[in-house]
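The structure file start_2.pdb is reproduced below (PDB, C-alpha atoms, pLDDT in the B column).
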```pdb
ATOM      1  CA  MET A   1       0.000   0.000   0.000  1.00 51.00           C
ATOM      2  CA  ARG A   2       2.863   2.334   0.828  1.00 55.00           C
ATOM      3  CA  ALA A   3       4.416   1.641  -2.571  1.00 53.00           C
ATOM      4  CA  LEU A   4       1.125   2.483  -4.260  1.00 48.00           C
ATOM      5  CA  ARG A   5       0.912   5.837  -2.488  1.00 52.00           C
ATOM      6  CA  LEU A   6       4.512   6.569  -3.395  1.00 47.00           C
ATOM      7  CA  ALA A   7       3.826   5.601  -7.006  1.00 48.00           C
ATOM      8  CA  LEU A   8       0.806   7.899  -7.175  1.00 49.00           C
ATOM      9  CA  LEU A   9       2.794  10.749  -5.670  1.00 46.00           C
ATOM     10  CA  VAL A  10       5.644  10.252  -8.148  1.00 46.00           C
ATOM     11  CA  ALA A  11       3.189   9.939 -11.018  1.00 49.00           C
ATOM     12  CA  THR A  12       1.455  13.150 -10.013  1.00 50.00           C
ATOM     13  CA  LEU A  13       4.739  15.015  -9.832  1.00 44.00           C
ATOM     14  CA  LEU A  14       5.870  13.698 -13.205  1.00 46.00           C
ATOM     15  CA  ALA A  15       2.649  14.651 -14.994  1.00 48.00           C
ATOM     16  CA  PRO A  16       1.857  18.323 -14.296  1.00 43.00           C
ATOM     17  CA  ALA A  17       0.262  18.667 -17.743  1.00 42.00           C
ATOM     18  CA  ALA A  18      -2.626  16.481 -16.622  1.00 39.00           C
ATOM     19  CA  VAL A  19      -3.786  18.890 -13.922  1.00 40.00           C
ATOM     20  CA  PRO A  20      -5.594  21.378 -16.218  1.00 41.00           C
ATOM     21  CA  THR A  21      -7.306  18.527 -18.055  1.00 40.00           C
ATOM     22  CA  VAL A  22      -8.658  17.063 -14.831  1.00 40.00           C
ATOM     23  CA  ALA A  23      -9.675  20.485 -13.544  1.00 43.00           C
ATOM     24  CA  ALA A  24     -11.563  21.175 -16.761  1.00 44.00           C
ATOM     25  CA  ALA A  25     -13.735  18.070 -16.402  1.00 41.00           C
ATOM     26  CA  GLN A  26     -17.423  18.961 -16.305  1.00 61.00           C
ATOM     27  CA  ASN A  27     -18.628  16.758 -13.478  1.00 76.00           C
ATOM     28  CA  THR A  28     -17.471  14.215 -10.921  1.00 83.00           C
ATOM     29  CA  ALA A  29     -17.916  11.162 -13.161  1.00 83.00           C
ATOM     30  CA  GLN A  30     -15.923  12.760 -15.963  1.00 85.00           C
ATOM     31  CA  HIS A  31     -13.312  13.865 -13.452  1.00 86.00           C
ATOM     32  CA  MET A  32     -12.982  10.294 -12.188  1.00 88.00           C
ATOM     33  CA  LEU A  33     -12.650   8.903 -15.726  1.00 87.00           C
ATOM     34  CA  GLU A  34      -9.898  11.423 -16.394  1.00 91.00           C
ATOM     35  CA  SER A  35      -8.174  10.349 -13.164  1.00 91.00           C
ATOM     36  CA  ALA A  36      -8.341   6.683 -14.220  1.00 90.00           C
ATOM     37  CA  ARG A  37      -6.909   7.584 -17.626  1.00 92.00           C
ATOM     38  CA  GLN A  38      -4.063   9.465 -15.940  1.00 93.00           C
ATOM     39  CA  ILE A  39      -3.321   6.572 -13.566  1.00 93.00           C
ATOM     40  CA  ARG A  40      -3.060   4.230 -16.554  1.00 91.00           C
ATOM     41  CA  ALA A  41      -0.759   6.641 -18.375  1.00 91.00           C
ATOM     42  CA  ASN A  42       1.444   6.988 -15.302  1.00 90.00           C
ATOM     43  CA  ALA A  43       1.574   3.224 -14.783  1.00 88.00           C
ATOM     44  CA  GLU A  44       2.708   2.824 -18.393  1.00 89.00           C
ATOM     45  CA  LYS A  45       5.271   5.577 -18.012  1.00 89.00           C
ATOM     46  CA  LEU A  46       6.687   4.201 -14.757  1.00 86.00           C
ATOM     47  CA  LYS A  47       6.462   0.453 -15.405  1.00 86.00           C
ATOM     48  CA  ASP A  48      10.246   0.147 -15.862  1.00 89.00           C
ATOM     49  CA  LYS A  49      10.990   2.081 -12.666  1.00 89.00           C
ATOM     50  CA  MET A  50       8.519   0.443 -10.269  1.00 87.00           C
ATOM     51  CA  PRO A  51       7.909  -3.129  -9.156  1.00 91.00           C
ATOM     52  CA  ALA A  52       5.406  -5.051 -11.273  1.00 89.00           C
ATOM     53  CA  GLU A  53       3.140  -5.463  -8.230  1.00 91.00           C
ATOM     54  CA  THR A  54       2.855  -1.676  -7.816  1.00 90.00           C
ATOM     55  CA  VAL A  55       2.076  -1.207 -11.509  1.00 88.00           C
ATOM     56  CA  ALA A  56      -0.594  -3.897 -11.248  1.00 90.00           C
ATOM     57  CA  GLN A  57      -2.109  -2.126  -8.220  1.00 92.00           C
ATOM     58  CA  MET A  58      -2.226   1.134 -10.157  1.00 90.00           C
ATOM     59  CA  LEU A  59      -3.951  -0.557 -13.087  1.00 91.00           C
ATOM     60  CA  GLN A  60      -6.396  -2.248 -10.698  1.00 93.00           C
ATOM     61  CA  GLN A  61      -7.175   1.129  -9.135  1.00 93.00           C
ATOM     62  CA  ALA A  62      -7.917   2.550 -12.598  1.00 91.00           C
ATOM     63  CA  ASP A  63     -10.168  -0.447 -13.328  1.00 92.00           C
ATOM     64  CA  ASP A  64     -12.021   0.093 -10.031  1.00 92.00           C
ATOM     65  CA  ILE A  65     -12.592   3.762 -10.796  1.00 90.00           C
ATOM     66  CA  GLU A  66     -13.886   3.002 -14.284  1.00 90.00           C
ATOM     67  CA  ALA A  67     -16.184   0.302 -12.901  1.00 90.00           C
ATOM     68  CA  GLY A  68     -17.499   2.776 -10.300  1.00 88.00           C
ATOM     69  CA  VAL A  69     -18.251   5.296 -13.031  1.00 85.00           C
ATOM     70  CA  GLY A  70     -20.053   2.571 -14.979  1.00 84.00           C
ATOM     71  CA  ARG A  71     -22.179   1.712 -11.924  1.00 87.00           C
ATOM     72  CA  GLY A  72     -23.023   5.383 -11.403  1.00 83.00           C
ATOM     73  CA  ASP A  73     -21.142   5.716  -8.095  1.00 86.00           C
ATOM     74  CA  TYR A  74     -19.974   9.221  -9.090  1.00 82.00           C
ATOM     75  CA  GLY A  75     -23.228  10.417 -10.599  1.00 80.00           C
ATOM     76  CA  PRO A  76     -24.350  10.403 -14.207  1.00 79.00           C
ATOM     77  CA  LEU A  77     -21.633  10.822 -16.795  1.00 74.00           C
ATOM     78  CA  ASP A  78     -23.571  13.415 -18.743  1.00 74.00           C
ATOM     79  CA  ALA A  79     -24.632  15.571 -15.773  1.00 63.00           C
ATOM     80  CA  PRO A  80     -24.284  19.278 -16.448  1.00 65.00           C
ATOM     81  CA  ALA A  81     -21.602  21.299 -14.746  1.00 62.00           C
ATOM     82  CA  PRO A  82     -22.714  23.308 -11.727  1.00 67.00           C
ATOM     83  CA  PRO A  83     -23.939  26.741 -12.760  1.00 79.00           C
ATOM     84  CA  LYS A  84     -21.510  29.639 -12.561  1.00 84.00           C
ATOM     85  CA  PRO A  85     -22.455  32.489 -10.267  1.00 90.00           C
ATOM     86  CA  PRO A  86     -23.602  35.572 -12.195  1.00 91.00           C
ATOM     87  CA  THR A  87     -21.023  38.248 -12.934  1.00 90.00           C
ATOM     88  CA  LEU A  88     -21.439  41.798 -11.712  1.00 92.00           C
ATOM     89  CA  ALA A  89     -22.352  42.856 -15.250  1.00 91.00           C
ATOM     90  CA  GLU A  90     -25.123  40.255 -15.360  1.00 92.00           C
ATOM     91  CA  LYS A  91     -26.394  41.386 -11.953  1.00 93.00           C
ATOM     92  CA  LEU A  92     -26.472  45.036 -13.034  1.00 91.00           C
ATOM     93  CA  MET A  93     -28.270  44.158 -16.255  1.00 91.00           C
ATOM     94  CA  ALA A  94     -30.866  42.189 -14.306  1.00 93.00           C
ATOM     95  CA  GLU A  95     -31.338  44.910 -11.697  1.00 93.00           C
ATOM     96  CA  HIS A  96     -31.206  48.046 -13.856  1.00 90.00           C
ATOM     97  CA  GLY A  97     -31.524  46.883 -17.450  1.00 90.00           C
ATOM     98  CA  ARG A  98     -28.169  48.439 -18.344  1.00 90.00           C
ATOM     99  CA  LEU A  99     -24.613  48.600 -17.051  1.00 89.00           C
ATOM    100  CA  GLU A 100     -24.305  52.376 -16.863  1.00 90.00           C
ATOM    101  CA  TRP A 101     -27.456  52.950 -14.857  1.00 91.00           C
ATOM    102  CA  LEU A 102     -26.619  56.123 -12.959  1.00 88.00           C
ATOM    103  CA  SER A 103     -27.395  58.478 -15.878  1.00 85.00           C
ATOM    104  CA  ALA A 104     -30.910  57.112 -16.145  1.00 86.00           C
ATOM    105  CA  HIS A 105     -31.474  57.360 -12.389  1.00 84.00           C
ATOM    106  CA  GLY A 106     -31.213  61.128 -12.046  1.00 81.00           C
ATOM    107  CA  ALA A 107     -29.250  61.231  -8.791  1.00 83.00           C
ATOM    108  CA  CYS A 108     -26.393  62.848 -10.699  1.00 84.00           C
ATOM    109  CA  ALA A 109     -28.499  64.992 -13.040  1.00 80.00           C
ATOM    110  CA  GLY A 110     -26.285  67.343 -14.987  1.00 79.00           C
ATOM    111  CA  TYR A 111     -23.318  65.021 -14.973  1.00 79.00           C
ATOM    112  CA  THR A 112     -22.363  63.415 -18.269  1.00 79.00           C
ATOM    113  CA  HIS A 113     -19.486  61.303 -19.457  1.00 75.00           C
ATOM    114  CA  GLU A 114     -18.004  64.398 -21.051  1.00 79.00           C
ATOM    115  CA  ASN A 115     -18.272  66.907 -18.183  1.00 76.00           C
ATOM    116  CA  TYR A 116     -17.918  64.882 -14.985  1.00 73.00           C
ATOM    117  CA  ARG A 117     -14.434  66.284 -14.340  1.00 73.00           C
ATOM    118  CA  THR A 118     -15.564  69.918 -14.249  1.00 74.00           C
ATOM    119  CA  PHE A 119     -19.297  69.928 -13.461  1.00 72.00           C
ATOM    120  CA  ARG A 120     -20.389  70.862  -9.920  1.00 68.00           C
ATOM    121  CA  TYR A 121     -23.777  71.176  -8.258  1.00 65.00           C
ATOM    122  CA  SER A 122     -22.302  73.867  -6.071  1.00 66.00           C
ATOM    123  CA  GLN A 123     -19.012  75.698  -5.708  1.00 60.00           C
ATOM    124  CA  ALA A 124     -18.091  73.653  -2.666  1.00 56.00           C
ATOM    125  CA  ILE A 125     -17.428  70.019  -3.374  1.00 64.00           C
ATOM    126  CA  ASN A 126     -20.008  68.093  -1.417  1.00 78.00           C
ATOM    127  CA  ASP A 127     -20.450  64.357  -0.945  1.00 80.00           C
ATOM    128  CA  LEU A 128     -22.922  64.016  -3.803  1.00 80.00           C
ATOM    129  CA  ASP A 129     -20.529  65.726  -6.197  1.00 82.00           C
ATOM    130  CA  ALA A 130     -17.689  63.479  -5.061  1.00 86.00           C
ATOM    131  CA  HIS A 131     -19.731  60.297  -5.511  1.00 89.00           C
ATOM    132  CA  CYS A 132     -21.013  61.355  -8.941  1.00 88.00           C
ATOM    133  CA  ARG A 133     -17.524  62.306 -10.131  1.00 87.00           C
ATOM    134  CA  ASN A 134     -16.118  59.022  -8.829  1.00 90.00           C
ATOM    135  CA  ALA A 135     -18.856  56.988 -10.471  1.00 91.00           C
ATOM    136  CA  PHE A 136     -18.431  58.604 -13.879  1.00 90.00           C
ATOM    137  CA  GLY A 137     -14.651  58.377 -13.562  1.00 90.00           C
ATOM    138  CA  HIS A 138     -14.844  54.657 -12.851  1.00 93.00           C
ATOM    139  CA  TRP A 139     -17.270  54.229 -15.752  1.00 92.00           C
ATOM    140  CA  GLY A 140     -14.734  55.900 -18.049  1.00 91.00           C
ATOM    141  CA  THR A 141     -12.057  53.537 -16.765  1.00 93.00           C
ATOM    142  CA  TYR A 142     -14.384  50.590 -17.339  1.00 94.00           C
ATOM    143  CA  GLU A 143     -15.011  51.614 -20.945  1.00 92.00           C
ATOM    144  CA  ARG A 144     -11.288  52.086 -21.626  1.00 93.00           C
ATOM    145  CA  VAL A 145     -10.024  48.843 -20.113  1.00 95.00           C
ATOM    146  CA  ASN A 146     -12.952  46.821 -21.454  1.00 93.00           C
ATOM    147  CA  ARG A 147     -12.224  48.116 -24.956  1.00 93.00           C
ATOM    148  CA  ASP A 148      -8.569  47.093 -24.485  1.00 92.00           C
ATOM    149  CA  GLY A 149      -9.628  43.564 -23.484  1.00 90.00           C
ATOM    150  CA  GLN A 150      -8.487  43.799 -19.865  1.00 92.00           C
ATOM    151  CA  THR A 151     -11.369  41.831 -18.399  1.00 90.00           C
ATOM    152  CA  GLU A 152     -10.111  41.697 -14.817  1.00 93.00           C
ATOM    153  CA  ALA A 153      -9.491  45.456 -14.687  1.00 94.00           C
ATOM    154  CA  ALA A 154     -12.862  46.067 -16.359  1.00 94.00           C
ATOM    155  CA  GLU A 155     -14.635  43.971 -13.720  1.00 94.00           C
ATOM    156  CA  GLN A 156     -12.881  45.933 -10.971  1.00 96.00           C
ATOM    157  CA  ALA A 157     -13.746  49.313 -12.548  1.00 95.00           C
ATOM    158  CA  LEU A 158     -17.374  48.222 -12.941  1.00 95.00           C
ATOM    159  CA  PHE A 159     -17.448  47.238  -9.266  1.00 96.00           C
ATOM    160  CA  TYR A 160     -16.135  50.667  -8.207  1.00 96.00           C
ATOM    161  CA  TYR A 161     -18.545  52.407 -10.581  1.00 94.00           C
ATOM    162  CA  ASP A 162     -21.491  50.548  -9.067  1.00 95.00           C
ATOM    163  CA  ALA A 163     -20.352  51.271  -5.499  1.00 95.00           C
ATOM    164  CA  ALA A 164     -19.904  55.017  -6.175  1.00 93.00           C
ATOM    165  CA  ALA A 165     -23.215  55.184  -8.068  1.00 92.00           C
ATOM    166  CA  ARG A 166     -25.024  53.534  -5.158  1.00 94.00           C
ATOM    167  CA  ARG A 167     -23.442  56.003  -2.721  1.00 92.00           C
ATOM    168  CA  ALA A 168     -24.598  58.909  -4.926  1.00 89.00           C
ATOM    169  CA  VAL A 169     -28.135  57.553  -5.041  1.00 91.00           C
ATOM    170  CA  LYS A 170     -28.120  57.028  -1.285  1.00 90.00           C
ATOM    171  CA  GLU A 171     -26.803  60.577  -0.752  1.00 86.00           C
ATOM    172  CA  ARG A 172     -29.737  61.862  -2.832  1.00 80.00           C
ATOM    173  CA  GLY A 173     -32.138  59.980  -0.579  1.00 77.00           C
ATOM    174  CA  GLY A 174     -32.719  56.931  -2.798  1.00 68.00           C
ATOM    175  CA  LYS A 175     -32.131  53.307  -2.027  1.00 63.00           C
TER     176      LYS A 175
END
```
Would it be possible to restate this file's structure as structure tokens?
Amino acid sequence: MRALRLALLVATLLAPAAVPTVAAAQNTAQHMLESARQIRANAEKLKDKMPAETVAQMLQQADDIEAGVGRGDYGPLDAPAPPKPPTLAEKLMAEHGRLEWLSAHGACAGYTHENYRTFRYSQAINDLDAHCRNAFGHWGTYERVNRDGQTEAAEQALFYYDAAARRAVKERGGK
């Protein structure tokens, strides 16, 4: 048994290319089939370096996994992958019907994408002005980085836009 564990550890270390394939499997049954395939490949690769008994144990383990998949021990083979949680963009679209929702709300009336840097409700910068300016600034960043294909930065800018827009609406007495 100790030799089998050692063999699996060595096989795992020698085959780092298999990790993304296993991680990309859609469900548990497919994941298990991929694991059995990898065990067989490792047994073949290491058969000259390990005792025949250990190689036979590895092959038996692969057979057991495949038989378990066939019996349905790991769920149906064609089960769909678990659903992905919705992205912030999908949540905003569902809640507001558009990504850039602050313009339509009216909490920052007078602000536009073109004038947000210079427009003020009053001479003194108040909280509402600061939130509106921040929101439109983050929206501009979102548009720029999204256009450039920087999806992670775009998601972050959209998050900050939404947070600043919500603060502006709250400052105006909305929810």
Considering all atoms listed in the file, return as a PDB file with C-alpha atoms, in the frame of the given file whatever protein or nucleic-acid residues lie within 7 Å of stretch 125-142 of chain A, sequence-local ones (same chain, fewer than 3 positions apart) excluded.
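As a result, part14.pdb now contains:
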```
ATOM      1  CA  CYS A 108     -26.393  62.848 -10.699  1.00 84.00           C
ATOM      2  CA  HIS A 113     -19.486  61.303 -19.457  1.00 75.00           C
ATOM      3  CA  TYR A 116     -17.918  64.882 -14.985  1.00 73.00           C
ATOM      4  CA  ARG A 117     -14.434  66.284 -14.340  1.00 73.00           C
ATOM      5  CA  ARG A 120     -20.389  70.862  -9.920  1.00 68.00           C
ATOM      6  CA  TYR A 121     -23.777  71.176  -8.258  1.00 65.00           C
ATOM      7  CA  SER A 122     -22.302  73.867  -6.071  1.00 66.00           C
ATOM      8  CA  VAL A 145     -10.024  48.843 -20.113  1.00 95.00           C
ATOM      9  CA  ASN A 146     -12.952  46.821 -21.454  1.00 93.00           C
ATOM     10  CA  ALA A 154     -12.862  46.067 -16.359  1.00 94.00           C
ATOM     11  CA  ALA A 157     -13.746  49.313 -12.548  1.00 95.00           C
ATOM     12  CA  LEU A 158     -17.374  48.222 -12.941  1.00 95.00           C
ATOM     13  CA  TYR A 160     -16.135  50.667  -8.207  1.00 96.00           C
ATOM     14  CA  TYR A 161     -18.545  52.407 -10.581  1.00 94.00           C
ATOM     15  CA  ALA A 164     -19.904  55.017  -6.175  1.00 93.00           C
ATOM     16  CA  ALA A 165     -23.215  55.184  -8.068  1.00 92.00           C
ATOM     17  CA  ARG A 167     -23.442  56.003  -2.721  1.00 92.00           C
ATOM     18  CA  ALA A 168     -24.598  58.909  -4.926  1.00 89.00           C
ATOM     19  CA  GLU A 171     -26.803  60.577  -0.752  1.00 86.00           C
TER      20      GLU A 171
END
```
Report task. May I have the protein, DNA and RNA residues with any atom at most 9 Å from the point (0.6, 5.1, -14.7), counting all atoms listed in the file, written as a list in words? Result -> Ala7, Leu8, Ala11, Arg37, Gln38, Ile39, Arg40, Ala41, Asn42, Ala43, Glu44, Lys45, Leu46, Lys47, Val55, Met58 and Leu59 of chain A
Query raised in the report: Which residue, A:Gln150, A:Gly97, A:Leu33, A:Gly110, has the smallest gap to A:Ile65 when you use all atoms listed in the file?
Result: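 Using all atoms listed in the file, the shortest distance to A:Ile65 belongs to A:Leu33.
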**Report entry** Closest of A:Asp162, A:Leu88, A:Thr28, A:Arg172 to A:Gly75 - atom-to-atom distances counting only C-alpha atoms
**Finding:**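 Smallest distance to A:Gly75 is found for A:Thr28.
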**Report entry** Among the residues A:Gly149, A:Pro83, A:Gly106, A:Val69, the one that comes closest to A:Lys170 [using all atoms listed in the file]
**Finding:**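 Result for the nearest residue to A:Lys170: A:Gly106.
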